[in-house]
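Asks: Please find one structure pasted underneath; my questions will follow.
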Amino acid sequence: MKKNKNILPRQLGDAHIRLLRIYKVVIESGGFSAAEVELNISRPAISLAITELESLLNMKLCHRGRSGFSITEQGEQVYQSALQLLGSIENFRAEMNAINTDLVGELNIGITDNLVTIEKMRITRALSALKHRAPEIIINIRMIPPNDIESAILNGQLHIGVVPKFRTLPGLNYLPLYKEESLLYCSEQHPLFQQDLHQISDESLIKYDAVVPSYPQSVEIKQQQKTLNATATSTDREGIAFLILTGRFIGFLPTHFAKRWVTRDKLRAIESHNRKFNTKFSAITSKGARSHLILEAYLEELAQT
């Protein structure tokens, strides 16, 4: 059987890498529409790029049309290979930055949502100190779920992440940062708001709809939410706040995040002495990562804040 000719040029240039980056975002976004926002380019431009990549590879990578978006079997293999290639490029960049004794290059950070209102501001202060120390560095922040941050650290896409410490993975280093308190809240439009909220039984609370997180939680948090009438879920704390503020739901929020509404008497805590829990947050880095001067400098500043 005659072997297929090489379908790629002997040297991959920036244009080819760009097509693979666009394809990666399209797959991870689940289609062209969502990728349009992530890539900040028009849908026709995205479609043209994918068509060009398919023509270059002589493969059908994905189906798009009225029936919706889906990836082909060959498309999945190309996506996995693209991840390896783009990861290798990022690792090469990091290694070159490490060789260079000047703090020049990029720092890629993944952060769990809604930590900016924590009063200690260790992340912010460390970033300020790092930028003062190395004005030429480029800082890239991604706000993504904790599981995605862990994966991105392990595969080299991110240098450092900030996540709630619900578990410990063997391939990661953990630097403790914050202990975040969460209370159970209702809004000014909720029937409970005008009641005495210092002593409310579980039997009373079960009458009201509650929103709970759909992201991983500790046993302590799950235990607190076990008695609630969970009729809604959210992938992040901002979504929980949205539903609480409708006046139709109760739910747990971090005190630092809820403070803006509490001070304006828009939210009130329900029996704050008993219905609360703490979440520990840590900065995570890869144990197997090569030396990276910018990351090391940031960790130094983080330890001093």
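Lettering and numbering for the structure tokens are positional, with chains as A, B, ... in the shown order, residues counted from 1 in each chain, and ligands counted from 1 in the shown order.
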Within 12 Å of Thr124 (chain A), counting only C-alpha atoms, which residues show up once you throw out same-chain ones fewer than 2 positions away? Write them as a list in words, please.

Replies: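 The residues satisfying every condition are Ile109, Ile111, Leu115, Val116, Thr117, Ile118, Glu119, Lys120, Met121, Arg122, Ala126, Leu127, Ser128, Ala129, Leu130, Lys131, Ile139, Ile141, Tyr298, Glu301, Leu302 and Thr305 of chain A.
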
Asks: For Ser286 (chain A), work out the shell of residues within 8 Å, counting only C-alpha atoms and skipping chain neighbours fewer than 6 positions away, then give it as number ranges by chain.

Replies: A: 153-154, 159-160, 171-173

Asks: For the structure I just gave you, how does DSSP split region 87-238 of chain A - specifically, which residues are alpha helix (DSSP H)? Reply as a short mmCIF file (atom, residue, chain, number, x, y, z; two decimals) with N, CA, C and O atoms, in the first residue's frame.

Replies:
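Once written, states-v2.cif looks like this:
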data_model
loop_
_atom_site.label_atom_id
_atom_site.label_comp_id
_atom_site.auth_asym_id
_atom_site.auth_seq_id
_atom_site.Cartn_x
_atom_site.Cartn_y
_atom_site.Cartn_z
N GLY A 87 1.84 23.17 23.99
CA GLY A 87 2.45 23.03 25.32
C GLY A 87 3.96 23.03 25.24
O GLY A 87 4.64 23.62 26.09
N SER A 88 4.50 22.37 24.21
CA SER A 88 5.96 22.34 24.02
C SER A 88 6.51 23.72 23.72
O SER A 88 7.59 24.10 24.20
N ILE A 89 5.77 24.49 22.93
CA ILE A 89 6.19 25.86 22.61
C ILE A 89 6.24 26.70 23.88
O ILE A 89 7.19 27.46 24.12
N GLU A 90 5.20 26.54 24.74
CA GLU A 90 5.16 27.30 25.99
C GLU A 90 6.29 26.87 26.92
O GLU A 90 6.91 27.71 27.59
N ASN A 91 6.57 25.57 26.96
CA ASN A 91 7.68 25.08 27.79
C ASN A 91 9.01 25.64 27.30
O ASN A 91 9.89 26.00 28.11
N PHE A 92 9.18 25.69 25.97
CA PHE A 92 10.41 26.25 25.40
C PHE A 92 10.56 27.71 25.80
O PHE A 92 11.63 28.16 26.20
N ARG A 93 9.46 28.47 25.71
CA ARG A 93 9.50 29.88 26.09
C ARG A 93 9.88 30.04 27.55
O ARG A 93 10.68 30.90 27.93
N ALA A 94 9.29 29.17 28.40
CA ALA A 94 9.58 29.24 29.84
C ALA A 94 11.05 28.92 30.12
O ALA A 94 11.69 29.55 30.96
N GLU A 95 11.58 27.92 29.40
CA GLU A 95 12.98 27.53 29.61
C GLU A 95 13.92 28.65 29.16
O GLU A 95 14.94 28.91 29.80
N MET A 96 13.58 29.32 28.06
CA MET A 96 14.41 30.43 27.60
C MET A 96 14.37 31.58 28.59
O MET A 96 15.37 32.25 28.85
N ASN A 97 13.18 31.80 29.17
CA ASN A 97 13.06 32.84 30.20
C ASN A 97 13.91 32.50 31.41
O ASN A 97 14.49 33.37 32.07
N ALA A 98 13.96 31.19 31.74
CA ALA A 98 14.73 30.75 32.90
C ALA A 98 16.23 30.92 32.67
O ALA A 98 16.99 31.23 33.59
N ILE A 99 16.67 30.70 31.42
CA ILE A 99 18.09 30.85 31.10
C ILE A 99 18.49 32.32 31.19
O ILE A 99 19.58 32.66 31.65
N ARG A 122 -3.32 39.53 48.83
CA ARG A 122 -1.95 39.04 48.66
C ARG A 122 -1.58 38.88 47.18
O ARG A 122 -0.45 39.20 46.78
N ILE A 123 -2.51 38.38 46.39
CA ILE A 123 -2.24 38.18 44.96
C ILE A 123 -1.95 39.53 44.29
O ILE A 123 -0.97 39.68 43.55
N THR A 124 -2.81 40.52 44.57
CA THR A 124 -2.67 41.83 43.95
C THR A 124 -1.37 42.52 44.36
O THR A 124 -0.64 43.06 43.52
N ARG A 125 -1.07 42.48 45.64
CA ARG A 125 0.14 43.15 46.13
C ARG A 125 1.41 42.49 45.58
O ARG A 125 2.38 43.18 45.26
N ALA A 126 1.39 41.16 45.48
CA ALA A 126 2.56 40.46 44.94
C ALA A 126 2.75 40.78 43.46
O ALA A 126 3.87 40.94 42.98
N LEU A 127 1.64 40.89 42.71
CA LEU A 127 1.72 41.25 41.30
C LEU A 127 2.26 42.68 41.14
O LEU A 127 3.06 42.96 40.25
N SER A 128 1.81 43.58 42.01
CA SER A 128 2.30 44.96 41.97
C SER A 128 3.81 45.01 42.24
O SER A 128 4.55 45.70 41.53
N ALA A 129 4.25 44.25 43.24
CA ALA A 129 5.68 44.22 43.58
C ALA A 129 6.50 43.61 42.45
O ALA A 129 7.60 44.08 42.14
N LEU A 130 5.95 42.56 41.82
CA LEU A 130 6.66 41.91 40.71
C LEU A 130 6.80 42.86 39.53
O LEU A 130 7.86 42.95 38.91
N LYS A 131 5.71 43.58 39.21
CA LYS A 131 5.74 44.50 38.08
C LYS A 131 6.69 45.67 38.34
O LYS A 131 7.37 46.16 37.43
N HIS A 132 6.78 46.08 39.59
CA HIS A 132 7.73 47.14 39.96
C HIS A 132 9.17 46.63 39.81
O HIS A 132 10.05 47.36 39.35
N ARG A 133 9.34 45.37 40.17
CA ARG A 133 10.67 44.75 40.11
C ARG A 133 11.08 44.44 38.68
O ARG A 133 12.27 44.51 38.34
N PRO A 146 -11.44 25.72 39.29
CA PRO A 146 -10.28 25.10 39.96
C PRO A 146 -9.73 23.86 39.25
O PRO A 146 -8.51 23.71 39.11
N ASN A 147 -10.60 22.97 38.79
CA ASN A 147 -10.13 21.75 38.11
C ASN A 147 -9.33 22.09 36.85
O ASN A 147 -8.33 21.44 36.53
N ASP A 148 -9.81 23.11 36.12
CA ASP A 148 -9.11 23.53 34.89
C ASP A 148 -7.75 24.15 35.23
O ASP A 148 -6.79 24.00 34.48
N ILE A 149 -7.70 24.87 36.35
CA ILE A 149 -6.43 25.47 36.78
C ILE A 149 -5.42 24.37 37.10
O ILE A 149 -4.26 24.42 36.67
N GLU A 150 -5.85 23.36 37.85
CA GLU A 150 -4.95 22.24 38.20
C GLU A 150 -4.41 21.56 36.94
O GLU A 150 -3.21 21.30 36.84
N SER A 151 -5.31 21.29 35.98
CA SER A 151 -4.89 20.63 34.73
C SER A 151 -3.90 21.50 33.96
O SER A 151 -2.90 21.00 33.43
N ALA A 152 -4.18 22.81 33.89
CA ALA A 152 -3.31 23.72 33.14
C ALA A 152 -1.94 23.86 33.79
O ALA A 152 -0.94 24.03 33.10
N ILE A 153 -1.88 23.78 35.11
CA ILE A 153 -0.58 23.81 35.80
C ILE A 153 0.20 22.54 35.48
O ILE A 153 1.40 22.58 35.17
N LEU A 154 -0.47 21.41 35.54
CA LEU A 154 0.20 20.12 35.32
C LEU A 154 0.69 19.96 33.88
O LEU A 154 1.73 19.33 33.65
N ASP A 202 -33.83 24.21 60.82
CA ASP A 202 -33.70 23.56 59.51
C ASP A 202 -35.06 23.34 58.88
O ASP A 202 -35.23 23.43 57.66
N GLU A 203 -36.05 23.05 59.72
CA GLU A 203 -37.41 22.81 59.23
C GLU A 203 -37.98 24.07 58.56
O GLU A 203 -38.72 23.97 57.57
N SER A 204 -37.62 25.23 59.11
CA SER A 204 -38.09 26.49 58.51
C SER A 204 -37.39 26.76 57.18
O SER A 204 -38.02 27.19 56.21
N LEU A 205 -36.09 26.49 57.13
CA LEU A 205 -35.32 26.79 55.92
C LEU A 205 -35.69 25.89 54.74
O LEU A 205 -35.61 26.29 53.58
N VAL A 219 -16.16 18.25 52.35
CA VAL A 219 -17.19 17.53 53.11
C VAL A 219 -17.93 18.49 54.03
O VAL A 219 -19.15 18.42 54.19
N GLU A 220 -17.19 19.42 54.65
CA GLU A 220 -17.79 20.40 55.56
C GLU A 220 -18.83 21.24 54.85
O GLU A 220 -19.93 21.48 55.38
N ILE A 221 -18.49 21.70 53.63
CA ILE A 221 -19.42 22.54 52.88
C ILE A 221 -20.65 21.74 52.48
O ILE A 221 -21.79 22.22 52.61
N LYS A 222 -20.45 20.54 52.00
CA LYS A 222 -21.58 19.69 51.61
C LYS A 222 -22.51 19.43 52.78
O LYS A 222 -23.73 19.39 52.63
N GLN A 223 -21.93 19.26 53.97
CA GLN A 223 -22.72 19.01 55.17
C GLN A 223 -23.60 20.22 55.49
O GLN A 223 -24.77 20.06 55.86
N GLN A 224 -23.05 21.42 55.34
CA GLN A 224 -23.81 22.64 55.60
C GLN A 224 -24.99 22.78 54.64
O GLN A 224 -26.05 23.27 55.00
N GLN A 225 -24.79 22.35 53.40
CA GLN A 225 -25.82 22.54 52.37
C GLN A 225 -26.83 21.38 52.31
O GLN A 225 -27.82 21.46 51.59
N ARG A 237 -19.45 31.65 42.16
CA ARG A 237 -20.08 32.43 43.23
C ARG A 237 -20.89 33.60 42.69
O ARG A 237 -21.88 34.00 43.28
N GLU A 238 -20.48 34.17 41.57
CA GLU A 238 -21.25 35.27 40.99
C GLU A 238 -22.64 34.80 40.57
O GLU A 238 -23.63 35.51 40.76
#

Asks: Would you list the contacts of region 264-268 of chain A as an NGL selection string, taking every protein, DNA or RNA residue within 8 Å and counting only C-alpha atoms, but skipping same-chain residues closer than 4 positions in sequence?

Replies: :A and (185-188 or 193 or 245 or 258 or 260)

Asks: Would you output that residue set with N, CA, C and O atoms, as a compact mmCIF listing (two decimals), in the first residue's frame?

Replies:
# COMPACT_ATOMS: atom_id res chain seq x y z
N TYR A 185 -27.04 33.51 53.05
CA TYR A 185 -27.65 34.83 52.87
C TYR A 185 -29.03 34.75 52.22
O TYR A 185 -29.34 33.81 51.48
N CYS A 186 -29.84 35.79 52.51
CA CYS A 186 -31.07 36.04 51.77
C CYS A 186 -31.08 37.52 51.41
O CYS A 186 -30.41 38.33 52.04
N SER A 187 -31.83 37.89 50.37
CA SER A 187 -31.85 39.28 49.92
C SER A 187 -33.05 40.02 50.49
O SER A 187 -33.95 39.43 51.09
N GLU A 188 -33.07 41.32 50.29
CA GLU A 188 -34.11 42.19 50.85
C GLU A 188 -35.51 41.84 50.33
O GLU A 188 -36.51 42.17 50.97
N PHE A 193 -36.17 37.98 55.02
CA PHE A 193 -35.34 39.16 55.28
C PHE A 193 -35.80 39.95 56.50
O PHE A 193 -34.98 40.46 57.27
N LEU A 245 -30.00 37.40 44.84
CA LEU A 245 -30.51 38.77 44.68
C LEU A 245 -31.87 38.82 43.99
O LEU A 245 -32.52 39.88 43.99
N ALA A 258 -19.91 39.22 49.60
CA ALA A 258 -21.27 39.68 49.93
C ALA A 258 -21.27 41.07 50.57
O ALA A 258 -22.32 41.72 50.62
N ARG A 260 -20.46 44.06 49.80
CA ARG A 260 -20.96 45.22 49.04
C ARG A 260 -22.47 45.35 49.16
O ARG A 260 -23.01 46.46 49.14

Asks: Using only C-alpha atoms, find each residue in region 136-232 of chain A having at least one atom no more than 7 Å away from region 271-280 of chain A; report its shortest atom-to-atom pair and that distance in Å (one decimal), rows by chain then rising number, as a tab-separated table.

Replies:
residue	atom	partner	partner_atom	distance
A:Pro164	CA	A:Lys280	CA	5.6
A:Lys165	CA	A:Lys280	CA	5.6
A:Tyr178	CA	A:Lys280	CA	5.7
A:Lys179	CA	A:Lys280	CA	4.5
A:Glu180	CA	A:Thr279	CA	5.0
A:Glu181	CA	A:Asn278	CA	4.5
A:Ser182	CA	A:Phe277	CA	5.5
A:Leu183	CA	A:Lys276	CA	4.6
A:Leu184	CA	A:Arg275	CA	6.2
A:Leu197	CA	A:Glu271	CA	5.4
A:His198	CA	A:Glu271	CA	4.4
A:Gln199	CA	A:Glu271	CA	5.9
A:Ile200	CA	A:Glu271	CA	6.7
A:Ile221	CA	A:Phe277	CA	6.4
A:Gln224	CA	A:Arg275	CA	6.8

Asks: Residues of region 102-301 of chain A in strand (DSSP E) according to DSSP, as a count of residues only?

Replies: 62

Asks: Could you jot down the CA of His16 (chain A) to CA of Leu53 (chain A) separation for me, Å, one decimal place?

Replies: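 Distance reported for this atom pair: 8.0 Å.
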
Asks: Interatomic distance between CA of Leu175 (chain A) and CA of Leu295 (chain A)?

Replies: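 It comes out at 13.2 Å.
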
Asks: Rounded to one decimal in Å, what is the spacing between CA of Ser81 (chain A) and CA of Asn40 (chain A)?

Replies: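 According to the coordinates, CA of Ser81 (chain A) and CA of Asn40 (chain A) are separated by 24.1 Å.
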
Asks: What's the 12 Å shell around Asp14 (chain A), counting only C-alpha atoms, without same-chain residues fewer than 6 positions away, as a list in words?

Replies: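 Here the answer would be Leu20, Arg21, Leu86 and Ile89 of chain A.
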
Asks: Could the residues in this selection be written to a file with all heavy atoms, as a PDB file, in the first residue's frame?

Replies:
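Wrote result30.pdb, looks like this:
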ATOM      1  N   LEU A  20      -3.691  26.522  14.522  1.00  0.00           N
ATOM      2  CA  LEU A  20      -3.855  25.517  15.576  1.00  0.00           C
ATOM      3  C   LEU A  20      -4.359  26.147  16.866  1.00  0.00           C
ATOM      4  O   LEU A  20      -5.172  25.545  17.586  1.00  0.00           O
ATOM      5  CB  LEU A  20      -2.526  24.795  15.821  1.00  0.00           C
ATOM      6  CG  LEU A  20      -2.070  23.859  14.706  1.00  0.00           C
ATOM      7  CD1 LEU A  20      -0.664  23.339  14.980  1.00  0.00           C
ATOM      8  CD2 LEU A  20      -3.046  22.692  14.539  1.00  0.00           C
ATOM      9  N   ARG A  21      -3.902  27.349  17.160  1.00  0.00           N
ATOM     10  CA  ARG A  21      -4.387  28.042  18.365  1.00  0.00           C
ATOM     11  C   ARG A  21      -5.875  28.355  18.243  1.00  0.00           C
ATOM     12  O   ARG A  21      -6.644  28.206  19.195  1.00  0.00           O
ATOM     13  CB  ARG A  21      -3.593  29.335  18.597  1.00  0.00           C
ATOM     14  CG  ARG A  21      -2.150  29.110  19.028  1.00  0.00           C
ATOM     15  CD  ARG A  21      -1.509  30.430  19.470  1.00  0.00           C
ATOM     16  NE  ARG A  21      -0.073  30.313  19.657  1.00  0.00           N
ATOM     17  CZ  ARG A  21       0.501  29.800  20.740  1.00  0.00           C
ATOM     18  NH1 ARG A  21      -0.253  29.357  21.724  1.00  0.00           N
ATOM     19  NH2 ARG A  21       1.818  29.738  20.825  1.00  0.00           N
ATOM     20  N   LEU A  86       1.533  22.983  21.273  1.00  0.00           N
ATOM     21  CA  LEU A  86       1.439  24.307  21.884  1.00  0.00           C
ATOM     22  C   LEU A  86       2.018  24.295  23.293  1.00  0.00           C
ATOM     23  O   LEU A  86       2.630  25.275  23.730  1.00  0.00           O
ATOM     24  CB  LEU A  86      -0.025  24.770  21.912  1.00  0.00           C
ATOM     25  CG  LEU A  86      -0.671  24.967  20.526  1.00  0.00           C
ATOM     26  CD1 LEU A  86      -2.145  25.312  20.671  1.00  0.00           C
ATOM     27  CD2 LEU A  86       0.052  26.056  19.742  1.00  0.00           C
ATOM     28  N   ILE A  89       5.767  24.490  22.929  1.00  0.00           N
ATOM     29  CA  ILE A  89       6.193  25.859  22.614  1.00  0.00           C
ATOM     30  C   ILE A  89       6.244  26.696  23.885  1.00  0.00           C
ATOM     31  O   ILE A  89       7.186  27.457  24.119  1.00  0.00           O
ATOM     32  CB  ILE A  89       5.239  26.496  21.586  1.00  0.00           C
ATOM     33  CG1 ILE A  89       5.383  25.791  20.228  1.00  0.00           C
ATOM     34  CG2 ILE A  89       5.506  27.997  21.435  1.00  0.00           C
ATOM     35  CD1 ILE A  89       4.372  26.226  19.196  1.00  0.00           C
TER      36      ILE A  89
END

Asks: Which residue out of A:Ile206, A:Ile284, A:Leu48, A:Ile22 has the minimum interatomic distance to Thr168 (chain A) when only C-alpha atoms are used?

Replies: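 Residue with the minimum atom-to-atom distance to Thr168 (chain A): A:Ile284.
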
Asks: If we count only C-alpha atoms and set the cut-off at 8 Å, which residues sit around region 75-80 of chain A, ignoring sequence neighbours fewer than 4 positions away in its own chain? Please answer as a PyMOL selection string.

Replies: chain A and resi 23-24+27+59-62+71+84

Asks: For the residues in that selection, give me all heavy atoms as a PDB file, in the first residue's frame.

Replies:
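Wrote it out as part23.pdb, contents follow:
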ATOM      1  N   TYR A  23      -8.029  26.739  16.367  1.00  0.00           N
ATOM      2  CA  TYR A  23      -8.731  25.453  16.430  1.00  0.00           C
ATOM      3  C   TYR A  23      -8.864  24.984  17.880  1.00  0.00           C
ATOM      4  O   TYR A  23      -9.933  24.517  18.298  1.00  0.00           O
ATOM      5  CB  TYR A  23      -7.967  24.418  15.599  1.00  0.00           C
ATOM      6  CG  TYR A  23      -8.584  23.042  15.629  1.00  0.00           C
ATOM      7  CD1 TYR A  23      -9.847  22.814  15.121  1.00  0.00           C
ATOM      8  CD2 TYR A  23      -7.885  21.959  16.183  1.00  0.00           C
ATOM      9  CE1 TYR A  23     -10.421  21.551  15.146  1.00  0.00           C
ATOM     10  CE2 TYR A  23      -8.444  20.696  16.218  1.00  0.00           C
ATOM     11  CZ  TYR A  23      -9.718  20.500  15.699  1.00  0.00           C
ATOM     12  OH  TYR A  23     -10.283  19.249  15.743  1.00  0.00           O
ATOM     13  N   LYS A  24      -7.828  25.121  18.657  1.00  0.00           N
ATOM     14  CA  LYS A  24      -7.844  24.727  20.078  1.00  0.00           C
ATOM     15  C   LYS A  24      -8.941  25.475  20.830  1.00  0.00           C
ATOM     16  O   LYS A  24      -9.721  24.875  21.583  1.00  0.00           O
ATOM     17  CB  LYS A  24      -6.482  24.997  20.709  1.00  0.00           C
ATOM     18  CG  LYS A  24      -6.418  24.789  22.222  1.00  0.00           C
ATOM     19  CD  LYS A  24      -5.022  25.099  22.734  1.00  0.00           C
ATOM     20  CE  LYS A  24      -4.943  25.025  24.251  1.00  0.00           C
ATOM     21  NZ  LYS A  24      -5.716  26.078  24.918  1.00  0.00           N
ATOM     22  N   ILE A  27     -12.521  24.274  19.815  1.00  0.00           N
ATOM     23  CA  ILE A  27     -12.877  22.989  20.431  1.00  0.00           C
ATOM     24  C   ILE A  27     -13.183  23.177  21.914  1.00  0.00           C
ATOM     25  O   ILE A  27     -14.182  22.667  22.427  1.00  0.00           O
ATOM     26  CB  ILE A  27     -11.736  21.962  20.249  1.00  0.00           C
ATOM     27  CG1 ILE A  27     -11.507  21.689  18.761  1.00  0.00           C
ATOM     28  CG2 ILE A  27     -12.062  20.666  20.982  1.00  0.00           C
ATOM     29  CD1 ILE A  27     -12.729  21.248  17.992  1.00  0.00           C
ATOM     30  N   MET A  59      -8.268  16.970   6.106  1.00  0.00           N
ATOM     31  CA  MET A  59      -9.129  16.239   7.044  1.00  0.00           C
ATOM     32  C   MET A  59     -10.363  17.080   7.362  1.00  0.00           C
ATOM     33  O   MET A  59     -10.319  18.307   7.318  1.00  0.00           O
ATOM     34  CB  MET A  59      -8.410  15.974   8.374  1.00  0.00           C
ATOM     35  CG  MET A  59      -7.175  15.145   8.316  1.00  0.00           C
ATOM     36  SD  MET A  59      -6.446  15.024   9.962  1.00  0.00           S
ATOM     37  CE  MET A  59      -4.845  14.325   9.572  1.00  0.00           C
ATOM     38  N   LYS A  60     -11.444  16.397   7.702  1.00  0.00           N
ATOM     39  CA  LYS A  60     -12.627  17.056   8.232  1.00  0.00           C
ATOM     40  C   LYS A  60     -12.487  17.060   9.749  1.00  0.00           C
ATOM     41  O   LYS A  60     -12.511  16.021  10.392  1.00  0.00           O
ATOM     42  CB  LYS A  60     -13.897  16.304   7.822  1.00  0.00           C
ATOM     43  CG  LYS A  60     -15.192  16.967   8.276  1.00  0.00           C
ATOM     44  CD  LYS A  60     -15.460  18.237   7.499  1.00  0.00           C
ATOM     45  CE  LYS A  60     -16.826  18.812   7.825  1.00  0.00           C
ATOM     46  NZ  LYS A  60     -17.078  20.089   7.141  1.00  0.00           N
ATOM     47  N   LEU A  61     -12.298  18.239  10.327  1.00  0.00           N
ATOM     48  CA  LEU A  61     -12.006  18.334  11.751  1.00  0.00           C
ATOM     49  C   LEU A  61     -13.264  18.453  12.604  1.00  0.00           C
ATOM     50  O   LEU A  61     -13.299  17.962  13.733  1.00  0.00           O
ATOM     51  CB  LEU A  61     -11.093  19.533  12.017  1.00  0.00           C
ATOM     52  CG  LEU A  61      -9.732  19.497  11.317  1.00  0.00           C
ATOM     53  CD1 LEU A  61      -8.961  20.769  11.609  1.00  0.00           C
ATOM     54  CD2 LEU A  61      -8.936  18.263  11.754  1.00  0.00           C
ATOM     55  N   CYS A  62     -14.285  19.154  12.087  1.00  0.00           N
ATOM     56  CA  CYS A  62     -15.494  19.334  12.880  1.00  0.00           C
ATOM     57  C   CYS A  62     -16.701  19.546  11.972  1.00  0.00           C
ATOM     58  O   CYS A  62     -16.564  19.959  10.817  1.00  0.00           O
ATOM     59  CB  CYS A  62     -15.338  20.508  13.851  1.00  0.00           C
ATOM     60  SG  CYS A  62     -14.824  22.052  13.058  1.00  0.00           S
ATOM     61  N   ILE A  71     -17.121  17.588  17.007  1.00  0.00           N
ATOM     62  CA  ILE A  71     -15.764  17.305  16.547  1.00  0.00           C
ATOM     63  C   ILE A  71     -15.719  15.898  15.956  1.00  0.00           C
ATOM     64  O   ILE A  71     -16.373  14.977  16.463  1.00  0.00           O
ATOM     65  CB  ILE A  71     -14.755  17.452  17.713  1.00  0.00           C
ATOM     66  CG1 ILE A  71     -13.316  17.305  17.214  1.00  0.00           C
ATOM     67  CG2 ILE A  71     -15.060  16.487  18.824  1.00  0.00           C
ATOM     68  CD1 ILE A  71     -12.273  17.626  18.270  1.00  0.00           C
ATOM     69  N   GLN A  84      -0.210  19.108  22.603  1.00  0.00           N
ATOM     70  CA  GLN A  84       1.189  18.745  22.853  1.00  0.00           C
ATOM     71  C   GLN A  84       2.135  19.769  22.233  1.00  0.00           C
ATOM     72  O   GLN A  84       3.108  20.206  22.864  1.00  0.00           O
ATOM     73  CB  GLN A  84       1.466  17.354  22.296  1.00  0.00           C
ATOM     74  CG  GLN A  84       0.726  16.239  23.027  1.00  0.00           C
ATOM     75  CD  GLN A  84       1.055  14.875  22.433  1.00  0.00           C
ATOM     76  OE1 GLN A  84       2.123  14.666  21.879  1.00  0.00           O
ATOM     77  NE2 GLN A  84       0.122  13.944  22.549  1.00  0.00           N
TER      78      GLN A  84
END

Asks: Using only C-alpha atoms, pick whichever of A:Val25, A:Val162, A:Ala82, A:Met143 has the shortest atom-to-atom distance to Ala49 (chain A).

Replies: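 The answer is A:Val25, which sits nearest to Ala49 (chain A).
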
Asks: When distances are computed from only C-alpha atoms, which of A:Gly65, A:Pro170, A:Gly251, A:Gly288 shows the smallest separation from Thr227 (chain A)?

Replies: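 Among the listed residues, A:Gly251 lies closest to Thr227 (chain A).
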
Asks: Please provide as a ChimeraX atom specification all residues within 8 Å of Pro191 (chain A), with the sequence filter that same-chain residues fewer than 3 positions apart are discarded (counting only C-alpha atoms).

Replies: /A:194-195,247

Asks: Between A:Val104, A:Ile144, A:Val163, A:Val26, which one has atoms that come closest to His292 (chain A), using only C-alpha atoms?

Replies: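 Checking each candidate against His292 (chain A), we get A:Val104 as the closest.
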
Asks: Need the shell around Ile138 (chain A): protein/DNA/RNA residues with any atom at most 7 Å away, counting only C-alpha atoms. Skip same-chain ones fewer than 6 positions apart. Format as a ChimeraX atom specification?

Replies: /A:105-107

Asks: Would you put the residues from that selection into a file with C-alpha atoms, as a JSON list (two decimals), in the first residue's frame?

Replies:
[["chain", "number", "residue", "atom", "x", "y", "z"],
["A", 105, "GLY", "CA", 8.98, 37.14, 29.59],
["A", 106, "GLU", "CA", 5.50, 36.04, 30.65],
["A", 107, "LEU", "CA", 3.76, 34.93, 33.84]]
